[in-house]
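Trainee: My file is final35.cif. It has mmCIF, C-alpha atoms and all ligand atoms:
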data_final
#
loop_
_atom_site.label_atom_id
_atom_site.label_comp_id
_atom_site.auth_asym_id
_atom_site.auth_seq_id
_atom_site.Cartn_x
_atom_site.Cartn_y
_atom_site.Cartn_z
CA MET A 1 97.65 126.90 87.56
CA ALA A 2 95.87 126.80 90.92
CA PRO A 3 97.67 124.84 93.64
CA PHE A 4 94.59 122.64 93.80
CA THR A 5 95.05 121.53 90.19
CA ARG A 6 98.80 121.08 90.60
CA GLU A 7 98.62 119.23 93.90
CA VAL A 8 95.46 117.23 93.30
CA SER A 9 97.19 113.86 93.08
CA HIS A 10 98.86 114.43 96.46
CA LEU A 11 95.79 115.71 98.27
CA SER A 12 94.14 113.53 100.86
CA ASP A 13 90.89 111.68 100.14
CA ALA A 14 89.34 113.72 102.93
CA ILE A 15 89.92 117.14 101.35
CA LEU A 16 88.80 115.97 97.90
CA CYS A 17 85.74 114.45 99.47
CA GLU A 18 84.90 117.63 101.40
CA ARG A 19 85.24 119.73 98.27
CA ALA A 20 83.12 117.27 96.32
CA ALA A 21 80.52 117.15 99.09
CA THR A 22 80.06 120.91 98.86
CA GLY A 23 79.60 120.90 95.11
CA ASP A 24 83.03 120.76 93.45
CA SER A 25 82.68 118.29 90.59
CA ALA A 26 86.37 118.60 89.61
CA ALA A 27 87.37 117.33 93.06
CA PHE A 28 84.81 114.55 92.74
CA GLN A 29 86.21 113.47 89.39
CA SER A 30 89.75 113.41 90.79
CA LEU A 31 88.54 111.19 93.59
CA ILE A 32 86.79 108.88 91.14
CA ARG A 33 89.89 108.66 88.94
CA ARG A 34 91.95 107.72 91.97
CA TYR A 35 89.83 104.65 92.75
CA ALA A 36 88.26 103.73 89.40
CA PRO A 37 90.91 101.08 88.47
CA LEU A 38 90.32 99.28 91.76
CA MET A 39 86.55 99.65 91.37
CA ARG A 40 86.69 98.24 87.83
CA ALA A 41 88.86 95.26 88.79
CA TYR A 42 86.31 94.64 91.55
CA ALA A 43 83.25 95.00 89.32
CA ILE A 44 84.76 92.72 86.65
CA ARG A 45 85.29 89.98 89.23
CA LEU A 46 81.75 90.42 90.56
CA THR A 47 79.97 90.49 87.19
CA SER A 48 82.30 88.34 85.03
CA SER A 49 82.14 90.92 82.27
CA ALA A 50 83.97 94.12 81.39
CA SER A 51 80.91 95.72 79.80
CA ASP A 52 78.70 94.87 82.78
CA ALA A 53 81.45 96.26 85.00
CA ASP A 54 81.37 99.54 83.08
CA ASP A 55 77.59 99.74 83.52
CA VAL A 56 78.10 99.14 87.24
CA LEU A 57 80.78 101.85 87.42
CA GLN A 58 78.66 104.37 85.57
CA GLU A 59 75.76 103.86 88.00
CA THR A 60 78.14 103.91 90.95
CA PHE A 61 79.68 107.23 89.88
CA ILE A 62 76.24 108.82 89.52
CA LYS A 63 75.07 107.50 92.87
CA ALA A 64 78.29 108.58 94.56
CA TRP A 65 77.95 112.13 93.21
CA GLU A 66 74.35 112.31 94.46
CA LYS A 67 75.20 110.96 97.90
CA ILE A 68 78.69 112.20 98.68
CA ASP A 69 77.35 115.01 100.87
CA THR A 70 75.80 112.38 103.16
CA LEU A 71 79.10 110.62 103.85
CA GLN A 72 79.84 111.00 107.56
CA ASN A 73 83.54 110.24 107.51
CA PRO A 74 85.40 111.63 104.47
CA GLU A 75 88.46 109.48 105.28
CA LYS A 76 86.39 106.38 104.54
CA VAL A 77 85.48 107.42 101.01
CA LYS A 78 87.44 104.54 99.46
CA SER A 79 85.56 101.81 101.31
CA TRP A 80 82.31 103.72 100.70
CA LEU A 81 82.97 103.69 96.94
CA MET A 82 83.82 99.99 97.05
CA THR A 83 80.62 99.21 98.94
CA LEU A 84 78.55 101.18 96.42
CA THR A 85 80.28 99.27 93.61
CA SER A 86 79.52 95.88 95.12
CA ARG A 87 75.86 96.78 95.77
CA LYS A 88 75.38 97.89 92.16
CA ALA A 89 77.19 94.77 90.90
CA ILE A 90 75.19 92.38 93.06
CA ASP A 91 71.94 94.11 92.01
CA LEU A 92 72.91 93.70 88.37
CA MET A 93 73.78 90.04 88.89
CA ARG A 94 70.39 89.44 90.51
CA THR A 95 68.60 90.78 87.45
CA ARG A 96 71.02 89.03 85.07
CA LYS A 97 70.62 85.66 86.76
CA LEU A 98 67.24 85.15 85.12
CA THR A 99 68.65 85.62 81.63
CA VAL A 100 71.85 83.68 82.23
CA ASP A 101 69.94 80.67 83.56
CA LEU A 102 68.03 80.53 80.31
CA ASP A 103 71.12 80.87 78.20
CA SER A 104 73.95 79.06 79.92
CA ALA A 105 76.21 79.53 76.90
CA ALA A 106 76.49 83.18 77.85
CA ASN A 107 77.97 81.98 81.12
CA THR A 108 81.26 80.93 79.60
CA ALA A 109 82.63 84.44 79.37
CA HIS A 110 85.21 84.82 82.11
CA PRO A 111 86.58 87.82 83.92
CA GLY A 112 89.85 88.90 85.31
CA ILE A 113 93.20 88.08 83.88
CA ASN A 114 93.55 86.77 80.40
CA PRO A 115 96.24 84.05 80.54
CA GLU A 116 97.42 85.07 77.08
CA ASP A 117 98.03 88.59 78.33
CA ASN A 118 101.78 89.01 78.23
CA ALA A 119 101.63 91.41 81.15
CA ILE A 120 100.95 88.53 83.50
CA THR A 121 103.98 86.31 83.68
CA ASP A 122 103.61 84.87 87.15
CA SER A 123 102.14 81.40 86.62
CA GLN A 124 100.94 81.14 90.22
CA ILE A 125 98.83 84.26 89.80
CA VAL A 126 97.38 83.04 86.51
CA HIS A 127 96.61 79.66 88.06
CA LEU A 128 94.89 81.27 91.07
CA SER A 129 92.90 83.50 88.74
CA GLU A 130 91.64 80.46 86.82
CA LEU A 131 90.94 78.53 90.02
CA LEU A 132 88.77 81.31 91.38
CA LYS A 133 86.43 80.93 88.43
CA THR A 134 85.88 77.28 89.30
CA LEU A 135 84.59 78.08 92.81
CA PRO A 136 80.83 78.18 93.40
CA LEU A 137 79.59 81.70 92.63
CA GLU A 138 78.56 82.30 96.26
CA GLN A 139 82.12 81.59 97.43
CA GLN A 140 83.65 83.70 94.67
CA GLN A 141 81.49 86.67 95.66
CA VAL A 142 82.48 86.52 99.31
CA TRP A 143 86.16 86.01 98.46
CA VAL A 144 86.16 88.94 96.01
CA MET A 145 84.32 91.24 98.43
CA ARG A 146 86.84 90.44 101.15
CA GLU A 147 90.07 90.37 99.11
CA ILE A 148 89.41 93.11 96.55
CA GLY A 149 86.61 95.04 98.22
CA GLY A 150 88.27 94.98 101.62
CA SER A 151 84.80 94.63 103.15
CA THR A 152 84.08 93.48 106.68
CA TYR A 153 81.96 90.38 107.33
CA LYS A 154 79.18 92.72 108.39
CA GLU A 155 79.27 94.73 105.15
CA ILE A 156 79.34 91.54 103.06
CA SER A 157 76.45 90.08 105.03
CA GLU A 158 74.39 93.25 104.46
CA THR A 159 75.10 93.40 100.73
CA LEU A 160 74.43 89.70 100.10
CA LYS A 161 71.61 89.49 102.68
CA ILE A 162 73.16 86.48 104.44
CA SER A 163 74.36 86.03 108.04
CA GLU A 164 77.89 86.93 109.12
CA GLY A 165 78.42 83.29 110.07
CA THR A 166 77.60 82.27 106.51
CA VAL A 167 80.07 84.86 105.22
CA ARG A 168 82.84 83.45 107.44
CA GLY A 169 82.03 79.90 106.39
CA ARG A 170 82.01 80.67 102.67
CA LEU A 171 85.25 82.59 102.89
CA ALA A 172 86.96 79.78 104.79
CA ARG A 173 85.74 77.20 102.26
CA ALA A 174 86.86 79.37 99.36
CA ARG A 175 90.36 79.71 100.81
CA ALA A 176 90.56 75.99 101.56
CA ALA A 177 89.50 75.17 98.00
CA LEU A 178 92.13 77.53 96.63
CA VAL A 179 94.84 75.85 98.74
CA LYS A 180 93.81 72.43 97.39
CA GLY A 181 93.82 73.75 93.86
CA MET A 182 97.20 75.41 94.32
CA GLU A 183 98.94 72.24 95.53
CA GLY A 184 102.05 71.68 93.51
CA TRP A 185 102.14 75.37 92.53
CA ASN A 186 103.63 76.58 95.75
CA MET B 1 85.68 73.98 115.38
CA GLU B 2 85.73 71.25 118.01
CA LEU B 3 88.70 68.94 118.00
CA MET B 4 87.85 65.27 118.32
CA ASN B 5 90.37 63.04 120.05
CA ASN B 6 92.19 61.54 117.11
CA ASP B 7 90.68 63.53 114.28
CA GLU B 8 92.84 66.00 112.46
CA PRO B 9 91.08 69.30 111.74
CA THR B 10 89.87 69.70 108.17
CA LEU B 11 91.37 72.29 105.85
CA ASP B 12 88.11 74.28 106.14
CA THR B 13 88.57 74.34 109.91
CA LEU B 14 92.17 75.48 109.59
CA SER B 15 91.12 78.14 107.11
CA MET B 16 88.52 79.40 109.59
CA TRP B 17 91.19 79.34 112.33
CA LEU B 18 93.52 81.48 110.21
CA GLN B 19 90.75 84.02 109.57
CA ASP B 20 89.99 84.14 113.29
CA GLN B 21 93.69 84.53 114.00
CA GLN B 22 93.86 87.50 111.60
CA ASP B 23 90.71 88.96 113.17
CA GLY B 24 92.14 88.61 116.68
CA VAL B 25 89.51 86.13 117.90
CA GLN B 26 90.29 84.81 121.41
CA THR B 27 87.79 82.06 122.24
CA PRO B 28 88.78 78.95 124.27
CA GLU B 29 88.15 76.80 121.14
CA HIS B 30 90.45 79.01 119.13
CA ARG B 31 93.21 78.80 121.74
CA GLU B 32 92.83 75.03 121.94
CA LEU B 33 93.26 74.72 118.18
CA THR B 34 96.24 77.10 118.32
CA ARG B 35 97.96 74.77 120.78
CA HIS B 36 97.30 71.80 118.52
CA ILE B 37 98.60 73.56 115.39
CA ASN B 38 101.79 74.59 117.18
CA GLU B 39 102.50 70.96 118.03
CA CYS B 40 101.29 69.33 114.82
CA PRO B 41 103.64 69.36 111.79
CA SER B 42 100.84 68.46 109.37
CA CYS B 43 98.58 71.31 110.52
CA SER B 44 101.48 73.78 110.59
CA GLN B 45 102.23 72.84 107.01
CA ARG B 46 98.65 73.35 105.92
CA ILE B 47 98.50 76.73 107.68
CA ALA B 48 101.68 77.71 105.84
CA ALA B 49 100.01 76.69 102.55
CA LEU B 50 96.94 78.84 103.41
CA LYS B 51 99.22 81.79 104.09
CA ARG B 52 101.02 81.30 100.80
CA VAL B 53 97.70 81.37 98.95
CA ASP B 54 96.81 84.58 100.81
CA GLN B 55 100.03 86.08 99.46
CA VAL B 56 99.29 84.98 95.89
CA SER B 57 95.77 86.39 96.33
CA ALA B 58 97.17 89.78 97.29
CA ASP B 59 99.47 89.62 94.25
CA LEU B 60 96.53 88.71 92.00
CA VAL B 61 94.53 91.70 93.23
CA SER B 62 97.40 94.15 92.68
CA THR B 63 98.01 92.66 89.23
CA GLU B 64 94.37 93.08 88.23
CA VAL B 65 94.33 96.68 89.44
CA ALA B 66 97.60 97.35 87.58
CA VAL B 67 96.00 96.01 84.37
CA GLN B 68 93.17 98.56 84.76
CA LYS B 69 95.63 101.38 85.44
CA LYS B 70 97.82 100.56 82.45
CA ASP B 71 95.26 101.55 79.85
CA THR B 72 92.51 103.85 81.09
CA THR B 73 90.61 104.51 77.85
CA TRP B 74 87.63 102.75 79.47
CA LEU B 75 87.68 105.42 82.19
CA ASP B 76 87.95 108.30 79.73
CA ASP B 77 84.99 106.84 77.81
CA LEU B 78 82.94 106.51 80.99
CA MET B 79 83.72 110.03 82.19
CA ALA B 80 83.03 111.53 78.76
CA ASN B 81 79.47 110.23 78.99
CA LEU B 82 78.77 111.62 82.43
CA VAL B 83 77.88 115.12 83.52
CA PHE B 84 78.26 115.84 87.20
CA GLU B 85 75.93 118.73 87.72
CA THR B 86 76.32 120.81 90.83
CA LEU B 87 73.18 121.10 92.91
CA ALA B 88 71.86 124.63 92.76
CA GLY B 89 71.10 124.63 96.47
CA ARG B 90 69.16 127.46 98.01
CA SER B 91 68.22 130.58 96.14
CA ILE B 92 69.69 133.86 97.39
CA PRO B 93 67.58 136.94 96.58
CA LEU B 94 69.16 140.00 94.96
CA SER B 95 67.62 143.46 95.16
CA ALA B 96 66.87 145.40 91.99
CA GLU B 97 69.42 148.08 92.91
CA TYR B 98 72.05 145.36 93.11
CA ASP B 99 71.42 143.52 89.90
CA VAL B 100 68.81 144.70 87.44
CA ASP B 101 68.94 141.51 85.34
CA ASN B 102 68.72 138.84 88.02
CA PHE B 103 66.41 138.45 90.99
CA SER B 104 68.51 135.78 92.63
CA ILE B 105 71.69 133.75 92.57
CA THR B 106 72.05 130.11 93.62
CA GLU B 107 73.97 128.95 96.66
CA GLY B 108 75.95 126.61 94.37
CA ALA B 109 77.11 129.58 92.27
CA ILE B 110 78.27 131.48 95.38
CA LEU B 111 80.22 128.46 96.67
CA ALA B 112 81.84 128.02 93.26
CA ALA B 113 82.83 131.71 93.27
CA ILE B 114 84.38 131.33 96.75
CA ARG B 115 86.33 128.26 95.61
CA GLY B 116 87.46 130.24 92.57
CA VAL B 117 89.06 133.05 94.59
CA ALA B 118 90.49 130.63 97.13
CA ASP B 119 92.13 128.70 94.29
CA SER B 120 93.92 131.87 93.22
CA MET B 121 96.00 131.63 96.42
CA GLU B 122 99.37 129.92 96.20
CA ASN B 123 99.65 128.88 99.85
CA LEU B 124 96.25 127.43 100.57
CA ILE B 125 93.79 124.88 99.19
CA ILE B 126 90.24 124.92 100.46
CA GLY B 127 88.20 121.79 101.09
CA ARG B 128 84.73 122.10 102.53
CA CYS B 129 82.86 125.34 101.84
CA ARG B 130 79.40 126.05 103.28
CA LEU B 131 77.01 128.90 103.97
CA VAL B 132 75.38 128.55 107.37
CA GLY B 133 72.32 130.63 108.15
CA ASP B 134 69.10 131.67 106.46
CA VAL B 135 70.48 132.75 103.10
CA GLU B 136 67.00 133.19 101.66
CA GLU B 137 66.33 136.00 104.14
CA PRO B 138 68.17 139.10 102.80
CA THR B 139 69.41 140.57 106.07
CA SER B 140 69.99 137.51 108.22
CA PRO B 141 73.57 136.92 109.42
CA ILE B 142 75.50 134.24 107.54
CA ILE B 143 78.60 132.30 108.53
CA VAL B 144 80.91 131.01 105.81
CA GLN B 145 82.47 127.72 106.92
CA VAL B 146 85.63 126.66 105.16
CA SER B 147 88.19 123.93 105.76
CA ALA B 148 91.64 124.29 104.30
CA THR B 149 95.09 122.83 103.91
CA VAL B 150 98.00 125.29 104.07
CA ARG B 151 101.35 125.10 102.31
CA TYR B 152 104.25 123.85 104.40
CA GLY B 153 106.21 126.80 105.80
CA ALA B 154 103.49 129.42 105.22
CA VAL B 155 102.34 131.53 108.16
CA ILE B 156 98.86 130.24 108.90
CA ALA B 157 97.46 133.51 110.30
CA GLU B 158 98.61 135.46 107.23
CA VAL B 159 97.18 132.92 104.83
CA THR B 160 93.82 132.70 106.58
CA ASP B 161 93.55 136.51 106.88
CA ARG B 162 94.14 136.80 103.14
CA LEU B 163 91.51 134.14 102.47
CA ARG B 164 89.00 136.07 104.62
CA GLU B 165 89.65 139.25 102.63
CA LEU B 166 89.24 137.44 99.32
CA ILE B 167 86.03 135.69 100.37
CA THR B 168 84.52 138.90 101.76
CA ALA B 169 85.26 140.81 98.55
CA GLU B 170 84.01 138.00 96.31
CA VAL B 171 80.77 137.45 98.21
CA HIS B 172 80.03 141.17 98.02
CA ARG B 173 80.79 141.14 94.33
CA VAL B 174 78.26 138.40 93.53
CA CYS B 175 75.50 138.95 96.11
CA GLU B 176 74.26 140.90 99.11
CA LEU B 177 74.64 138.29 101.83
CA ASN B 178 75.22 139.68 105.30
CA ILE B 179 78.44 137.85 106.22
CA GLU B 180 78.84 137.78 109.98
CA ALA B 181 81.92 135.57 110.15
CA ILE B 182 84.21 133.40 108.05
CA ASP B 183 85.29 130.30 109.99
CA ILE B 184 88.41 128.68 108.58
CA GLU B 185 89.47 125.32 109.92
CA VAL B 186 93.03 124.44 108.91
CA GLN B 187 93.14 120.67 108.74
CA ASP B 188 96.38 119.79 107.05
CA ILE B 189 99.48 121.03 105.27
CA PHE B 190 100.57 120.37 101.69
CA GLY B 191 103.86 120.65 99.82
CA SER B 192 107.17 119.33 101.06
CA PRO B 193 109.75 121.03 103.30
CA LEU B 194 112.04 121.10 100.22
CA GLU B 195 109.73 123.40 98.28
CA ALA B 196 109.14 125.67 101.26
CA GLY B 197 112.13 127.93 100.62
CA GLU B 198 111.09 128.88 97.09
ZN ZN C 201 97.05 68.56 113.24
#
Represent the structure of the file as structure tokens.

Mentor:
Amino acid sequence: MAPFTREVSHLSDAILCERAATGDSAAFQSLIRRYAPLMRAYAIRLTSSASDADDVLQETFIKAWEKIDTLQNPEKVKSWLMTLTSRKAIDLMRTRKLTVDLDSAANTAHPGINPEDNAITDSQIVHLSELLKTLPLEQQQVWVMREIGGSTYKEISETLKISEGTVRGRLARARAALVKGMEGWN
Amino acid sequence: MELMNNDEPTLDTLSMWLQDQQDGVQTPEHRELTRHINECPSCSQRIAALKRVDQVSADLVSTEVAVQKKDTTWLDDLMANLVFETLAGRSIPLSAEYDVDNFSITEGAILAAIRGVADSMENLIIGRCRLVGDVEEPTSPIIVQVSATVRYGAVIAEVTDRLRELITAEVHRVCELNIEAIDIEVQDIFGSPLEAGE
């Protein structure tokens, strides 16, 4: 077995990215597998649906493969993948909005952690997860892009096409609302 | 974020202050509010509550990622439906004496061949691999640019010399490019000191 295949899980993002950028699809797939769970958790929060999230991921993977040779800084591949994911998710939500408005029943499907899932035993986490869904969508988006996406205010403002001041304000309100909702759980 | 005489800051304001604090903001307004919070038990308590929620938030995110990692059939399904085709790149002409069946070979195929021989080495893993120069012009000088990570404990000069030999032989096997130089940039090491003695 080639050292590449044996060592792939220990190799840096940068070397996988450089291989991928010069045409190695195996290196690209290793990179994708490294971040796909984070990307899917992110996309589920942004779209409120596992199947929408998978559509988002599929498009993101294709786009990433097409564009990886344009990435200036291979060390930043993780945040680049997360930004691509959020752009695809927000685009999808913009097109979905029209349909969902017409059929608000479809809007009851909720993402994230299923409280019945035995894997999640921490009641604070479950409570926070439920609380998040009660925030206005615009606050949820900003919170998710900051907390899961690790995006800067600037990146969020570019993706959502709002000012950085608005991003800061929405994030602060989201956190304040979560504190109020978590009272008694701390 | 102004502080009125007797008004306590709202939770939104405190939340904004905490963000600014984490972002290293140093405005006079921010410092004024910092002084107030340090002296005000009620505000200190609310800041502590905001920080606790930040902690639960971080736990929520790691839990959600762990759920996705636990069962990755969704990922296998997604990957099974996708084909990541390598761009052919430029077309490198072959003379009839060299290959009677093919008039050319793609740049992508040459790079894959180079990666293939490099991957046969035990002490080196290549990263970037590029052909610089006018490859479509049969005689023009070409530079092969490679980045690599070398096994801990290996002698870098020996490993890179071996890689040069392998690349030179492989390129001549698959095409007629006029290789002027092979630039190898060693960027990193792999493997642990423990394995080095083996
Ligand atoms: Zn106070």

Trainee: Using only C-alpha atoms, which residue out of B:Glu180, B:Ile92, B:Thr86, B:Val61 lies closest to Met145 (chain A)?

Mentor: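 Residue with the minimum atom-to-atom distance to Met145 (chain A): B:Val61.
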
Trainee: Set the cut-off to 7 Å, count all atoms listed in the file, and list whatever residues fall near ligand ZN 201 (chain C) as a PyMOL selection string.

Mentor: chain B and resi 8-9+36-37+40-43

Trainee: CA of Val144 (chain B) and CA of Ala96 (chain B), how far apart in Å?

Mentor: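 Answer for the CA of Ala96 (chain B) to CA of Val144 (chain B) separation: 24.4 Å.
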
Trainee: When distances are computed from all atoms listed in the file, which of B:Ile114, B:Ile126, B:Ile182, B:Leu82 shows the smallest separation from Cys17 (chain A)?

Mentor: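 Closest residue, counting all atoms listed in the file: B:Ile126.
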
Trainee: Tell me, as a list in words, which residues lie within 12 Å of Arg31 (chain B), counting only C-alpha atoms; anything in the same chain fewer than 2 positions away does not count.

Mentor: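 The residues satisfying every condition are Met1, Glu2, Leu3, Trp17, Leu18, Asp20, Gln21, Gly24, Val25, Gln26, Thr27, Pro28, Glu29, Leu33, Thr34, Arg35, His36, Ile37 and Asn38 of chain B.
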
Trainee: Closest to Glu64 (chain B) among A:Thr22, A:Thr166, A:Gln140, A:Ser129, using all atoms listed in the file?

Mentor: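 Ranked by minimum distance to Glu64 (chain B), first place goes to A:Ser129.
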
Trainee: For the point (86.0, 129.4, 103.7) in file coordinates, what residues are within 6 Å, counting only C-alpha atoms? Give the answer as a list of chain:residue names?

Mentor: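 Using only C-alpha atoms, the matching residues come out as B:Cys129, B:Val144, B:Gln145, B:Val146, B:Ile184.
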
Trainee: Got a sec to pull out which chain A residues are within 7 Å of chain B, counting all atoms listed in the file, and send them as a PyMOL selection string?

Mentor: chain A and resi 2-4+15-16+18-19+22-23+25+37-38+41+58+112-113+125+148+172-173+175-176+179

Trainee: CA of Ile32 (chain A) and CA of Tyr152 (chain B), how far apart in Å?

Mentor: 26.5 Å

Trainee: Would you mind reading off the distance between CA of Glu75 (chain A) and CA of Arg40 (chain A), one decimal, in Å?

Mentor: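 Straight-line distance from CA of Glu75 (chain A) to CA of Arg40 (chain A) works out to 20.8 Å.
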
Trainee: Which residue out of B:Val155, B:Val186, B:Val132, B:Cys175 has the minimum interatomic distance to Phe103 (chain B) when all atoms listed in the file are used?

Mentor: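 Counting all atoms listed in the file, the residue closest to Phe103 (chain B) is B:Cys175.
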
Trainee: Rank A:Ala20, A:Met182, A:Asp122, A:Leu31 by their smallest atom-to-atom distance to Ile68 (chain A), using all atoms listed in the file, and report the top residue only.

Mentor: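 Smallest separation from Ile68 (chain A) among the options: A:Ala20.
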
Trainee: Extending 3 Å beyond the listed atoms of region 2-18 of chain A on each side, what axis-aligned box results? I want centre and edge lengths in Å to one decimal, as lines of an AutoDock Vina configuration file.

Mentor:
center_x = 91.9
center_y = 119.2
center_z = 96.6
size_x = 20.0
size_y = 21.1
size_z = 18.7

Trainee: If we count all atoms listed in the file and set the cut-off at 8 Å, which residues sit around Thr85 (chain A), ignoring sequence neighbours fewer than 5 positions away in its own chain? Please answer as a list in words.

Mentor: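 In the requested form, the answer reads Met39, Tyr42, Ala43, Val56, Leu57 and Thr60 of chain A.
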
Trainee: Can you rebuild region 75-82 of chain A with all heavy atoms and give it as a PDB file, keeping the file's coordinate frame?

Mentor:
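Resulting contents of result_10.pdb:
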ATOM      1  N   GLU A  75      87.275 110.350 105.408  1.00  0.00           N
ATOM      2  CA  GLU A  75      88.460 109.480 105.280  1.00  0.00           C
ATOM      3  C   GLU A  75      88.093 108.092 104.773  1.00  0.00           C
ATOM      4  O   GLU A  75      88.932 107.359 104.281  1.00  0.00           O
ATOM      5  CB  GLU A  75      89.171 109.334 106.627  1.00  0.00           C
ATOM      6  CG  GLU A  75      90.161 110.447 106.896  1.00  0.00           C
ATOM      7  CD  GLU A  75      89.751 111.292 108.088  1.00  0.00           C
ATOM      8  OE1 GLU A  75      89.472 110.696 109.151  1.00  0.00           O
ATOM      9  OE2 GLU A  75      89.694 112.531 107.958  1.00  0.00           O
ATOM     10  N   LYS A  76      86.807 107.732 104.929  1.00  0.00           N
ATOM     11  CA  LYS A  76      86.390 106.380 104.540  1.00  0.00           C
ATOM     12  C   LYS A  76      85.812 106.339 103.130  1.00  0.00           C
ATOM     13  O   LYS A  76      85.093 105.404 102.775  1.00  0.00           O
ATOM     14  CB  LYS A  76      85.365 105.858 105.542  1.00  0.00           C
ATOM     15  CG  LYS A  76      85.993 105.635 106.898  1.00  0.00           C
ATOM     16  CD  LYS A  76      85.270 104.573 107.694  1.00  0.00           C
ATOM     17  CE  LYS A  76      86.074 104.219 108.925  1.00  0.00           C
ATOM     18  NZ  LYS A  76      85.230 103.920 110.072  1.00  0.00           N
ATOM     19  N   VAL A  77      86.117 107.344 102.322  1.00  0.00           N
ATOM     20  CA  VAL A  77      85.480 107.420 101.010  1.00  0.00           C
ATOM     21  C   VAL A  77      85.836 106.227 100.130  1.00  0.00           C
ATOM     22  O   VAL A  77      85.003 105.739  99.367  1.00  0.00           O
ATOM     23  CB  VAL A  77      85.809 108.774 100.324  1.00  0.00           C
ATOM     24  CG1 VAL A  77      87.267 108.884  99.952  1.00  0.00           C
ATOM     25  CG2 VAL A  77      84.932 108.997  99.112  1.00  0.00           C
ATOM     26  N   LYS A  78      87.054 105.691 100.282  1.00  0.00           N
ATOM     27  CA  LYS A  78      87.440 104.540  99.460  1.00  0.00           C
ATOM     28  C   LYS A  78      86.541 103.335  99.745  1.00  0.00           C
ATOM     29  O   LYS A  78      85.992 102.728  98.825  1.00  0.00           O
ATOM     30  CB  LYS A  78      88.907 104.184  99.732  1.00  0.00           C
ATOM     31  CG  LYS A  78      89.376 102.942  98.992  1.00  0.00           C
ATOM     32  CD  LYS A  78      90.774 102.563  99.441  1.00  0.00           C
ATOM     33  CE  LYS A  78      91.213 101.245  98.846  1.00  0.00           C
ATOM     34  NZ  LYS A  78      92.523 100.822  99.376  1.00  0.00           N
ATOM     35  N   SER A  79      86.373 102.985 101.012  1.00  0.00           N
ATOM     36  CA  SER A  79      85.560 101.810 101.310  1.00  0.00           C
ATOM     37  C   SER A  79      84.086 102.083 100.982  1.00  0.00           C
ATOM     38  O   SER A  79      83.349 101.179 100.593  1.00  0.00           O
ATOM     39  CB  SER A  79      85.748 101.352 102.754  1.00  0.00           C
ATOM     40  OG  SER A  79      85.184 102.270 103.636  1.00  0.00           O
ATOM     41  N   TRP A  80      83.684 103.355 101.081  1.00  0.00           N
ATOM     42  CA  TRP A  80      82.310 103.720 100.700  1.00  0.00           C
ATOM     43  C   TRP A  80      82.110 103.484  99.196  1.00  0.00           C
ATOM     44  O   TRP A  80      81.097 102.895  98.786  1.00  0.00           O
ATOM     45  CB  TRP A  80      82.079 105.185 101.060  1.00  0.00           C
ATOM     46  CG  TRP A  80      80.721 105.738 100.755  1.00  0.00           C
ATOM     47  CD1 TRP A  80      79.548 105.412 101.376  1.00  0.00           C
ATOM     48  CD2 TRP A  80      80.402 106.734  99.765  1.00  0.00           C
ATOM     49  NE1 TRP A  80      78.523 106.154 100.826  1.00  0.00           N
ATOM     50  CE2 TRP A  80      79.013 106.961  99.847  1.00  0.00           C
ATOM     51  CE3 TRP A  80      81.162 107.450  98.830  1.00  0.00           C
ATOM     52  CZ2 TRP A  80      78.355 107.885  99.025  1.00  0.00           C
ATOM     53  CZ3 TRP A  80      80.507 108.375  98.022  1.00  0.00           C
ATOM     54  CH2 TRP A  80      79.128 108.585  98.114  1.00  0.00           C
ATOM     55  N   LEU A  81      83.068 103.898  98.387  1.00  0.00           N
ATOM     56  CA  LEU A  81      82.970 103.690  96.940  1.00  0.00           C
ATOM     57  C   LEU A  81      82.955 102.197  96.597  1.00  0.00           C
ATOM     58  O   LEU A  81      82.214 101.752  95.720  1.00  0.00           O
ATOM     59  CB  LEU A  81      84.142 104.365  96.212  1.00  0.00           C
ATOM     60  CG  LEU A  81      84.107 105.887  96.145  1.00  0.00           C
ATOM     61  CD1 LEU A  81      85.430 106.429  95.587  1.00  0.00           C
ATOM     62  CD2 LEU A  81      82.932 106.369  95.283  1.00  0.00           C
ATOM     63  N   MET A  82      83.770 101.425  97.321  1.00  0.00           N
ATOM     64  CA  MET A  82      83.820  99.990  97.050  1.00  0.00           C
ATOM     65  C   MET A  82      82.498  99.319  97.441  1.00  0.00           C
ATOM     66  O   MET A  82      82.017  98.424  96.754  1.00  0.00           O
ATOM     67  CB  MET A  82      84.998  99.347  97.804  1.00  0.00           C
ATOM     68  CG  MET A  82      86.350  99.813  97.299  1.00  0.00           C
ATOM     69  SD  MET A  82      86.617  99.465  95.538  1.00  0.00           S
ATOM     70  CE  MET A  82      87.269  97.789  95.643  1.00  0.00           C
TER      71      MET A  82
END
